[in-house]
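The next block holds one structure in the form of structure tokens; read it before the comments.
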Amino acid sequence: EDDLFAKLPLKHKKFLITAGPTYEAIDPVRFIGNHSSGKMGYEIAKTALQLGAEVVLISGPTSMALEHENLKIIQVNTAQEMLREAENYFDEVDVFIAAAAVADYRPASVASEKIKKADTHLTIELVKNPDILATLGKRKKDQIVIGFALETENGVENARKKLEAKNLDFIVLNSLKDKGAGFKKDTNKISIIYPGSIKEFDLKSKTEVAADIINELIPLLNA
Ligand code: CTP
Ligand code: CA
């Protein structure tokens, strides 16, 4: 019986995970979005479920599918919707992992009718979206809170700033230097950054990366 339990190290643990892009409406038929596939967040959810966790996955628009008796998927479109849902569940979870590629800005207003083509230039005013991870990081009590950082320059330095500013336990830096890594790819090259240390990982499938991330947080949960 000890053995069986050891195979489910996340039994009775609750995870909240955000995944995918957000779509921010411009008018009834157009939006601002990004190329996030959602794969990283879904792979983390899958691994956590396999290890016995209960998972709430808040997903932006993706083509991913996942079903499990201990999984609740909440589909959202916008950053504001994603924040509202994440706030609803945050207090009751043990771990929050922000894997979503949230749009930093949204149109200041949504046109009620389809915008007609007119001048040679069109300006759309944008306003800043709420930072879901920073909002919940500041609210954390006993939760483990983990974020991602996507950087094209000064990766470690910028990721460390996010780690501190968002009050995270660790941050997963996605290296874009590797051709096989990132959006739309099935592989990632990550570093896991703690306030005082850093661990480098090889280029791996997102399934293996998810296992590395879960492996890293299990000791924190039991500490
Ligand atoms: N994040 C979030 N809500 C936002 C923006 C980002 O929850 N409105 C989360 C992401 O899910 C990720 C982390 O914050 O886990 C870092 O996202 P990233 O885009 O790398 O950093 P930003 O803080 O948005 O800063 P910038 O885009 O300027 O580098
Ligand atoms: Ca951003």
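Lettering and numbering for the structure tokens are positional, with chains as A, B, ... in the shown order, residues counted from 1 in each chain, and ligands counted from 1 in the shown order.
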
| said: Please return, as a list in words, all residues of range 31-111 of chain A that DSSP assigns to helix (DSSP H, G or I) on the basis of the backbone. | reply: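 Those in range 31-111 of chain A that DSSP calls helix (DSSP H, G or I) are Lys39, Met40, Gly41, Tyr42, Glu43, Ile44, Ala45, Lys46, Thr47, Ala48, Leu49, Gln50, Ala79, Gln80, Glu81, Met82, Leu83, Arg84, Glu85, Ala86, Glu87, Asn88, Tyr89 and Phe90 of chain A.
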
Please produce, as JSON lines, a per-residue contact table for chain A versus ligand 1 (criterion: any atom at most 6 Å away, only C-alpha atoms and all ligand atoms considered), showing the nearest atom pair and its distance in Å to one decimal, sorted by chain then residue number.
```
{"residue": "A:Ala98", "atom": "CA", "partner": "ligand 1", "partner_atom_place_in_ligand_line": "11 (O)", "distance": 4.2}
{"residue": "A:Ala99", "atom": "CA", "partner": "ligand 1", "partner_atom_place_in_ligand_line": "11 (O)", "distance": 4.6}
{"residue": "A:Ala100", "atom": "CA", "partner": "ligand 1", "partner_atom_place_in_ligand_line": "11 (O)", "distance": 4.3}
{"residue": "A:Ala101", "atom": "CA", "partner": "ligand 1", "partner_atom_place_in_ligand_line": "11 (O)", "distance": 5.3}
{"residue": "A:Val102", "atom": "CA", "partner": "ligand 1", "partner_atom_place_in_ligand_line": "4 (C)", "distance": 4.9}
{"residue": "A:Asp104", "atom": "CA", "partner": "ligand 1", "partner_atom_place_in_ligand_line": "8 (N)", "distance": 5.0}
{"residue": "A:Asn129", "atom": "CA", "partner": "ligand 1", "partner_atom_place_in_ligand_line": "8 (N)", "distance": 5.5}
{"residue": "A:Pro130", "atom": "CA", "partner": "ligand 1", "partner_atom_place_in_ligand_line": "8 (N)", "distance": 5.0}
{"residue": "A:Asp131", "atom": "CA", "partner": "ligand 1", "partner_atom_place_in_ligand_line": "8 (N)", "distance": 3.4}
{"residue": "A:Ile132", "atom": "CA", "partner": "ligand 1", "partner_atom_place_in_ligand_line": "7 (O)", "distance": 3.7}
{"residue": "A:Leu133", "atom": "CA", "partner": "ligand 1", "partner_atom_place_in_ligand_line": "7 (O)", "distance": 3.7}
{"residue": "A:Gly147", "atom": "CA", "partner": "ligand 1", "partner_atom_place_in_ligand_line": "15 (O)", "distance": 3.6}
{"residue": "A:Phe148", "atom": "CA", "partner": "ligand 1", "partner_atom_place_in_ligand_line": "15 (O)", "distance": 3.8}
{"residue": "A:Ala149", "atom": "CA", "partner": "ligand 1", "partner_atom_place_in_ligand_line": "20 (O)", "distance": 3.7}
{"residue": "A:Leu150", "atom": "CA", "partner": "ligand 1", "partner_atom_place_in_ligand_line": "20 (O)", "distance": 4.4}
```

Could you dump the residues just selected with C-alpha atoms as an mmCIF file, in the first residue's frame?
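And here is the file that came out, selection.cif:
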```
data_model
loop_
_atom_site.group_PDB
_atom_site.id
_atom_site.type_symbol
_atom_site.label_atom_id
_atom_site.label_comp_id
_atom_site.auth_asym_id
_atom_site.auth_seq_id
_atom_site.Cartn_x
_atom_site.Cartn_y
_atom_site.Cartn_z
ATOM 1 C CA ALA A 98 0.414 30.254 -15.021
ATOM 2 C CA ALA A 99 1.219 28.725 -18.408
ATOM 3 C CA ALA A 100 -1.127 30.938 -20.442
ATOM 4 C CA ALA A 101 0.166 33.420 -23.003
ATOM 5 C CA VAL A 102 -2.053 36.248 -21.804
ATOM 6 C CA ASP A 104 -0.707 42.166 -22.331
ATOM 7 C CA ASN A 129 -4.781 43.837 -19.215
ATOM 8 C CA PRO A 130 -4.640 42.692 -15.583
ATOM 9 C CA ASP A 131 -1.637 40.512 -14.746
ATOM 10 C CA ILE A 132 -3.255 37.283 -13.536
ATOM 11 C CA LEU A 133 -0.063 35.771 -12.151
ATOM 12 C CA GLY A 147 5.163 31.250 -13.706
ATOM 13 C CA PHE A 148 6.777 31.151 -17.114
ATOM 14 C CA ALA A 149 8.924 33.745 -18.803
ATOM 15 C CA LEU A 150 9.417 34.093 -22.514
#
```

| Which polymer residues have any atom within 10 Å of an atom of range 163-176 of chain A, counting only C-alpha atoms, with same-chain residues fewer than 4 positions away left out, as a ChimeraX atom specification? | /A:96-99,131-140,143-153,155-159,180-183,188-195,197-200,203,213,216-217,220

Residues from last step as file, N, CA and C atoms, as a short mmCIF file (atom, residue, chain, number, x, y, z; two decimals), in the first residue's frame:
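Okay, selection_9.cif is ready:
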```cif
data_model
loop_
_atom_site.label_atom_id
_atom_site.label_comp_id
_atom_site.auth_asym_id
_atom_site.auth_seq_id
_atom_site.Cartn_x
_atom_site.Cartn_y
_atom_site.Cartn_z
N PHE A 96 -0.60 26.95 -8.06
CA PHE A 96 -1.08 27.70 -9.22
C PHE A 96 0.05 27.81 -10.23
N ILE A 97 -0.19 27.35 -11.44
CA ILE A 97 0.80 27.43 -12.51
C ILE A 97 0.23 28.25 -13.66
N ALA A 98 0.89 29.36 -13.95
CA ALA A 98 0.41 30.25 -15.02
C ALA A 98 1.17 29.94 -16.30
N ALA A 99 0.58 29.10 -17.14
CA ALA A 99 1.22 28.73 -18.41
C ALA A 99 0.57 29.43 -19.59
N ASP A 131 -2.63 41.60 -14.80
CA ASP A 131 -1.64 40.51 -14.75
C ASP A 131 -2.17 39.46 -13.78
N ILE A 132 -2.60 38.34 -14.33
CA ILE A 132 -3.25 37.28 -13.54
C ILE A 132 -2.26 36.70 -12.52
N LEU A 133 -1.08 36.40 -13.01
CA LEU A 133 -0.06 35.77 -12.15
C LEU A 133 0.37 36.71 -11.02
N ALA A 134 0.61 37.98 -11.35
CA ALA A 134 1.04 38.94 -10.33
C ALA A 134 -0.07 39.16 -9.30
N THR A 135 -1.31 39.24 -9.77
CA THR A 135 -2.45 39.44 -8.88
C THR A 135 -2.54 38.32 -7.85
N LEU A 136 -2.43 37.07 -8.34
CA LEU A 136 -2.58 35.92 -7.44
C LEU A 136 -1.30 35.68 -6.64
N GLY A 137 -0.13 35.96 -7.23
CA GLY A 137 1.13 35.82 -6.50
C GLY A 137 1.12 36.69 -5.24
N LYS A 138 0.59 37.90 -5.39
CA LYS A 138 0.55 38.81 -4.24
C LYS A 138 -0.45 38.35 -3.19
N ARG A 139 -1.43 37.56 -3.63
CA ARG A 139 -2.48 37.10 -2.71
C ARG A 139 -2.13 35.76 -2.05
N LYS A 140 -0.96 35.18 -2.40
CA LYS A 140 -0.73 33.79 -1.97
C LYS A 140 -0.51 33.67 -0.47
N GLN A 143 0.04 28.63 -0.91
CA GLN A 143 0.14 28.06 -2.26
C GLN A 143 1.56 28.14 -2.81
N ILE A 144 1.87 27.17 -3.66
CA ILE A 144 3.06 27.24 -4.50
C ILE A 144 2.62 27.95 -5.79
N VAL A 145 3.32 29.00 -6.16
CA VAL A 145 2.94 29.76 -7.35
C VAL A 145 4.10 29.78 -8.35
N ILE A 146 3.80 29.33 -9.56
CA ILE A 146 4.83 29.15 -10.58
C ILE A 146 4.44 29.87 -11.86
N GLY A 147 5.42 30.55 -12.45
CA GLY A 147 5.16 31.25 -13.71
C GLY A 147 6.15 30.84 -14.78
N PHE A 148 5.88 31.33 -15.97
CA PHE A 148 6.78 31.15 -17.11
C PHE A 148 7.30 32.51 -17.54
N ALA A 149 8.43 32.51 -18.20
CA ALA A 149 8.92 33.75 -18.80
C ALA A 149 9.41 33.43 -20.21
N LEU A 150 8.98 34.23 -21.12
CA LEU A 150 9.42 34.09 -22.51
C LEU A 150 10.24 35.34 -22.80
N GLU A 151 11.51 35.16 -23.08
CA GLU A 151 12.40 36.32 -23.28
C GLU A 151 13.20 36.12 -24.56
N THR A 152 13.51 37.22 -25.22
CA THR A 152 14.39 37.14 -26.39
C THR A 152 15.77 37.71 -26.08
N GLU A 153 15.89 38.42 -24.94
CA GLU A 153 17.20 38.96 -24.52
C GLU A 153 17.26 39.02 -23.00
N GLY A 155 17.63 36.85 -20.72
CA GLY A 155 16.63 35.92 -20.21
C GLY A 155 16.63 35.75 -18.70
N VAL A 156 17.80 35.40 -18.16
CA VAL A 156 17.87 35.09 -16.73
C VAL A 156 17.55 36.33 -15.89
N GLU A 157 18.11 37.45 -16.28
CA GLU A 157 17.89 38.70 -15.54
C GLU A 157 16.41 39.11 -15.56
N ASN A 158 15.80 39.07 -16.75
CA ASN A 158 14.39 39.44 -16.87
C ASN A 158 13.48 38.46 -16.13
N ALA A 159 13.83 37.17 -16.22
CA ALA A 159 13.00 36.16 -15.55
C ALA A 159 13.08 36.36 -14.03
N GLY A 180 14.23 24.60 -31.79
CA GLY A 180 13.13 23.67 -31.56
C GLY A 180 12.20 24.09 -30.43
N ALA A 181 12.45 25.26 -29.84
CA ALA A 181 11.72 25.61 -28.63
C ALA A 181 10.65 26.66 -28.88
N GLY A 182 9.58 26.58 -28.11
CA GLY A 182 8.63 27.68 -28.04
C GLY A 182 7.27 27.42 -28.65
N PHE A 183 6.62 28.51 -29.07
CA PHE A 183 5.27 28.49 -29.62
C PHE A 183 5.20 27.53 -30.79
N ASN A 188 10.67 22.17 -25.82
CA ASN A 188 11.06 23.38 -25.10
C ASN A 188 12.44 23.19 -24.48
N LYS A 189 13.17 24.28 -24.39
CA LYS A 189 14.45 24.29 -23.66
C LYS A 189 14.25 25.25 -22.51
N ILE A 190 14.24 24.69 -21.30
CA ILE A 190 13.91 25.54 -20.15
C ILE A 190 15.05 25.64 -19.14
N SER A 191 15.00 26.71 -18.36
CA SER A 191 15.77 26.81 -17.13
C SER A 191 14.76 27.07 -16.03
N ILE A 192 14.98 26.48 -14.86
CA ILE A 192 14.13 26.77 -13.72
C ILE A 192 14.91 27.67 -12.77
N ILE A 193 14.34 28.84 -12.51
CA ILE A 193 15.05 29.86 -11.75
C ILE A 193 14.38 30.08 -10.39
N TYR A 194 15.19 29.90 -9.35
CA TYR A 194 14.78 30.17 -7.97
C TYR A 194 15.42 31.50 -7.55
N PRO A 195 14.97 32.09 -6.44
CA PRO A 195 15.60 33.34 -6.01
C PRO A 195 17.13 33.22 -5.95
N SER A 197 19.15 30.35 -7.11
CA SER A 197 19.82 29.34 -7.93
C SER A 197 19.12 29.14 -9.26
N ILE A 198 19.77 28.39 -10.13
CA ILE A 198 19.20 28.15 -11.46
C ILE A 198 19.55 26.74 -11.92
N LYS A 199 18.57 26.07 -12.54
CA LYS A 199 18.80 24.72 -13.08
C LYS A 199 18.53 24.74 -14.57
N GLU A 200 19.49 24.24 -15.33
CA GLU A 200 19.33 24.19 -16.79
C GLU A 200 18.86 22.80 -17.21
N LEU A 203 17.02 20.40 -24.24
CA LEU A 203 15.88 20.49 -25.16
C LEU A 203 15.11 19.17 -25.10
N ILE A 213 8.98 19.91 -14.53
CA ILE A 213 8.41 21.00 -13.72
C ILE A 213 7.68 20.42 -12.50
N GLU A 216 10.03 19.19 -9.89
CA GLU A 216 10.66 20.29 -9.20
C GLU A 216 9.76 20.83 -8.08
N LEU A 217 8.44 20.74 -8.29
CA LEU A 217 7.56 21.36 -7.29
C LEU A 217 7.11 20.40 -6.19
N LEU A 220 8.63 21.10 -2.87
CA LEU A 220 8.12 22.34 -2.29
C LEU A 220 6.77 22.12 -1.61
#
```

| query | So, counting only C-alpha atoms, which residue among A:Lys13, A:Lys128, A:Lys114, A:Arg106 is closest to Asp27 in chain A? | reply |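 Nearest candidate to Asp27 in chain A out of A:Lys13, A:Lys128, A:Lys114, A:Arg106: A:Lys114.
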
| For ligand 2, the nearest of the candidates A:Gly196, A:Gly33, A:Pro107, A:Gly52, counting only C-alpha atoms and all ligand atoms |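 Counting only C-alpha atoms and all ligand atoms, the residue closest to ligand 2 is A:Gly33.
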
List the neighbours of Ala65 in chain A out to 12 Å using only C-alpha atoms; skip same-chain residues closer than 3 positions along the sequence, and give me the result as an mmCIF file with N, CA and C atoms, in the first residue's frame.
```
data_model
loop_
_atom_site.group_PDB
_atom_site.id
_atom_site.type_symbol
_atom_site.label_atom_id
_atom_site.label_comp_id
_atom_site.auth_asym_id
_atom_site.auth_seq_id
_atom_site.Cartn_x
_atom_site.Cartn_y
_atom_site.Cartn_z
ATOM 1 N N ALA A 19 -3.796 28.096 -19.358
ATOM 2 C CA ALA A 19 -3.152 27.606 -20.581
ATOM 3 C C ALA A 19 -3.695 28.326 -21.811
ATOM 4 N N GLY A 20 -2.882 28.322 -22.851
ATOM 5 C CA GLY A 20 -3.340 28.854 -24.138
ATOM 6 C C GLY A 20 -3.234 30.363 -24.237
ATOM 7 N N SER A 37 -0.174 27.465 -28.467
ATOM 8 C CA SER A 37 -0.975 26.264 -28.750
ATOM 9 C C SER A 37 -1.709 25.768 -27.510
ATOM 10 N N GLY A 38 -1.221 26.174 -26.337
ATOM 11 C CA GLY A 38 -1.785 25.661 -25.087
ATOM 12 C C GLY A 38 -1.141 24.370 -24.629
ATOM 13 N N LYS A 39 -0.266 23.815 -25.477
ATOM 14 C CA LYS A 39 0.267 22.474 -25.219
ATOM 15 C C LYS A 39 0.992 22.363 -23.874
ATOM 16 N N GLY A 41 0.647 24.009 -21.007
ATOM 17 C CA GLY A 41 -0.295 23.980 -19.874
ATOM 18 C C GLY A 41 -1.073 22.677 -19.811
ATOM 19 N N TYR A 42 -1.518 22.199 -20.977
ATOM 20 C CA TYR A 42 -2.271 20.937 -21.011
ATOM 21 C C TYR A 42 -1.380 19.765 -20.600
ATOM 22 N N GLU A 43 -0.116 19.772 -21.008
ATOM 23 C CA GLU A 43 0.802 18.684 -20.626
ATOM 24 C C GLU A 43 1.050 18.684 -19.118
ATOM 25 N N ALA A 45 -1.085 19.797 -16.891
ATOM 26 C CA ALA A 45 -2.340 19.307 -16.304
ATOM 27 C C ALA A 45 -2.389 17.773 -16.371
ATOM 28 N N LYS A 46 -2.024 17.230 -17.526
ATOM 29 C CA LYS A 46 -2.065 15.783 -17.733
ATOM 30 C C LYS A 46 -1.133 15.063 -16.755
ATOM 31 N N LEU A 57 -8.318 23.576 -14.945
ATOM 32 C CA LEU A 57 -7.551 24.121 -16.064
ATOM 33 C C LEU A 57 -8.373 25.229 -16.704
ATOM 34 N N SER A 59 -8.604 27.562 -19.664
ATOM 35 C CA SER A 59 -8.003 27.513 -20.992
ATOM 36 C C SER A 59 -8.537 28.587 -21.914
ATOM 37 N N PRO A 61 -8.601 29.923 -25.995
ATOM 38 C CA PRO A 61 -8.977 29.163 -27.194
ATOM 39 C C PRO A 61 -7.813 28.326 -27.726
ATOM 40 N N THR A 62 -7.962 26.999 -27.725
ATOM 41 C CA THR A 62 -6.931 26.095 -28.254
ATOM 42 C C THR A 62 -7.620 24.951 -28.977
ATOM 43 N N HIS A 68 -10.643 13.853 -17.853
ATOM 44 C CA HIS A 68 -10.240 13.045 -16.698
ATOM 45 C C HIS A 68 -11.258 13.295 -15.596
ATOM 46 N N LEU A 71 -10.531 16.287 -13.468
ATOM 47 C CA LEU A 71 -10.221 17.526 -14.205
ATOM 48 C C LEU A 71 -11.473 18.340 -14.474
ATOM 49 N N LYS A 72 -11.367 19.652 -14.210
ATOM 50 C CA LYS A 72 -12.415 20.574 -14.627
ATOM 51 C C LYS A 72 -11.769 21.563 -15.581
ATOM 52 N N ILE A 73 -12.280 21.643 -16.808
ATOM 53 C CA ILE A 73 -11.750 22.627 -17.765
ATOM 54 C C ILE A 73 -12.736 23.770 -17.893
ATOM 55 N N ILE A 74 -12.230 24.971 -17.755
ATOM 56 C CA ILE A 74 -13.061 26.163 -17.920
ATOM 57 C C ILE A 74 -12.536 26.927 -19.132
ATOM 58 N N GLN A 75 -13.363 27.053 -20.138
ATOM 59 C CA GLN A 75 -12.958 27.734 -21.368
ATOM 60 C C GLN A 75 -13.234 29.227 -21.242
#
```

| task | For Glu54 in chain A, list every protein, DNA or RNA residue within 9 Å, evaluated using only C-alpha atoms, and leave out those in the same chain fewer than 2 positions away; present the list as a PyMOL selection string. | result | chain A and resi 10-16+48-49+52+56+69-72

| query | What are the DSSP strand (DSSP E or B) residues of range 6-137 of chain A, as a ChimeraX atom specification? | reply | /A:14-19,21,24-27,30-32,54-59,71-75,95-98,101,105-107,126-128

Selected residues written out, C-alpha atoms, as a PDB file, in the first residue's frame:
```
ATOM      1  CA  LYS A  14      -5.306  20.689  -5.997  1.00  0.00           C
ATOM      2  CA  PHE A  15      -3.806  22.413  -9.014  1.00  0.00           C
ATOM      3  CA  LEU A  16      -4.981  25.532 -10.831  1.00  0.00           C
ATOM      4  CA  ILE A  17      -3.422  25.963 -14.271  1.00  0.00           C
ATOM      5  CA  THR A  18      -3.894  28.584 -16.981  1.00  0.00           C
ATOM      6  CA  ALA A  19      -3.152  27.606 -20.581  1.00  0.00           C
ATOM      7  CA  PRO A  21      -3.636  32.348 -25.565  1.00  0.00           C
ATOM      8  CA  GLU A  24      -9.164  40.222 -27.078  1.00  0.00           C
ATOM      9  CA  ALA A  25     -12.046  41.426 -29.235  1.00  0.00           C
ATOM     10  CA  ILE A  26     -11.668  44.363 -31.616  1.00  0.00           C
ATOM     11  CA  ASP A  27     -15.138  44.078 -33.146  1.00  0.00           C
ATOM     12  CA  ARG A  30     -11.872  40.301 -35.070  1.00  0.00           C
ATOM     13  CA  PHE A  31      -9.537  39.924 -32.154  1.00  0.00           C
ATOM     14  CA  ILE A  32      -5.950  40.368 -30.961  1.00  0.00           C
ATOM     15  CA  GLU A  54      -7.218  17.347  -8.877  1.00  0.00           C
ATOM     16  CA  VAL A  55      -6.892  19.960 -11.599  1.00  0.00           C
ATOM     17  CA  VAL A  56      -8.801  23.070 -12.638  1.00  0.00           C
ATOM     18  CA  LEU A  57      -7.551  24.121 -16.064  1.00  0.00           C
ATOM     19  CA  ILE A  58      -8.531  27.571 -17.270  1.00  0.00           C
ATOM     20  CA  SER A  59      -8.003  27.513 -20.992  1.00  0.00           C
ATOM     21  CA  LEU A  71     -10.221  17.526 -14.205  1.00  0.00           C
ATOM     22  CA  LYS A  72     -12.415  20.574 -14.627  1.00  0.00           C
ATOM     23  CA  ILE A  73     -11.750  22.627 -17.765  1.00  0.00           C
ATOM     24  CA  ILE A  74     -13.061  26.163 -17.920  1.00  0.00           C
ATOM     25  CA  GLN A  75     -12.958  27.734 -21.368  1.00  0.00           C
ATOM     26  CA  VAL A  95      -0.503  25.009  -6.603  1.00  0.00           C
ATOM     27  CA  PHE A  96      -1.083  27.702  -9.224  1.00  0.00           C
ATOM     28  CA  ILE A  97       0.803  27.429 -12.513  1.00  0.00           C
ATOM     29  CA  ALA A  98       0.414  30.254 -15.021  1.00  0.00           C
ATOM     30  CA  ALA A 101       0.166  33.420 -23.003  1.00  0.00           C
ATOM     31  CA  TYR A 105      -3.146  44.671 -23.906  1.00  0.00           C
ATOM     32  CA  ARG A 106      -6.721  44.699 -25.169  1.00  0.00           C
ATOM     33  CA  PRO A 107      -8.610  47.187 -27.324  1.00  0.00           C
ATOM     34  CA  LEU A 126      -5.071  49.462 -26.421  1.00  0.00           C
ATOM     35  CA  VAL A 127      -5.248  49.362 -22.628  1.00  0.00           C
ATOM     36  CA  LYS A 128      -3.267  47.136 -20.316  1.00  0.00           C
TER      37      LYS A 128
END
```

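Interatomic distance, CA of Thr47 in chain A against CA of Lys141 in chain A: 24.4 Å.
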
| Straight-line distance linking CA of Leu8 in chain A with CA of Thr207 in chain A, stated in Å to one decimal |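 Distance between the two atoms: 17.8 Å.
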
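Here CA of Leu122 in chain A and CA of Val110 in chain A stand 14.5 Å from one another.
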
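The shortest atom-to-atom distance to Asp186 in chain A, with only C-alpha atoms taken into account, belongs to A:Ser205 out of A:Ser112, A:Thr120, A:Gln80, A:Ser205.
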
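Minimum atom-to-atom distance to ligand 2, evaluated using only C-alpha atoms and all ligand atoms, belongs to A:Ala103 out of A:Leu66, A:Ala103, A:Asn34, A:Thr22.
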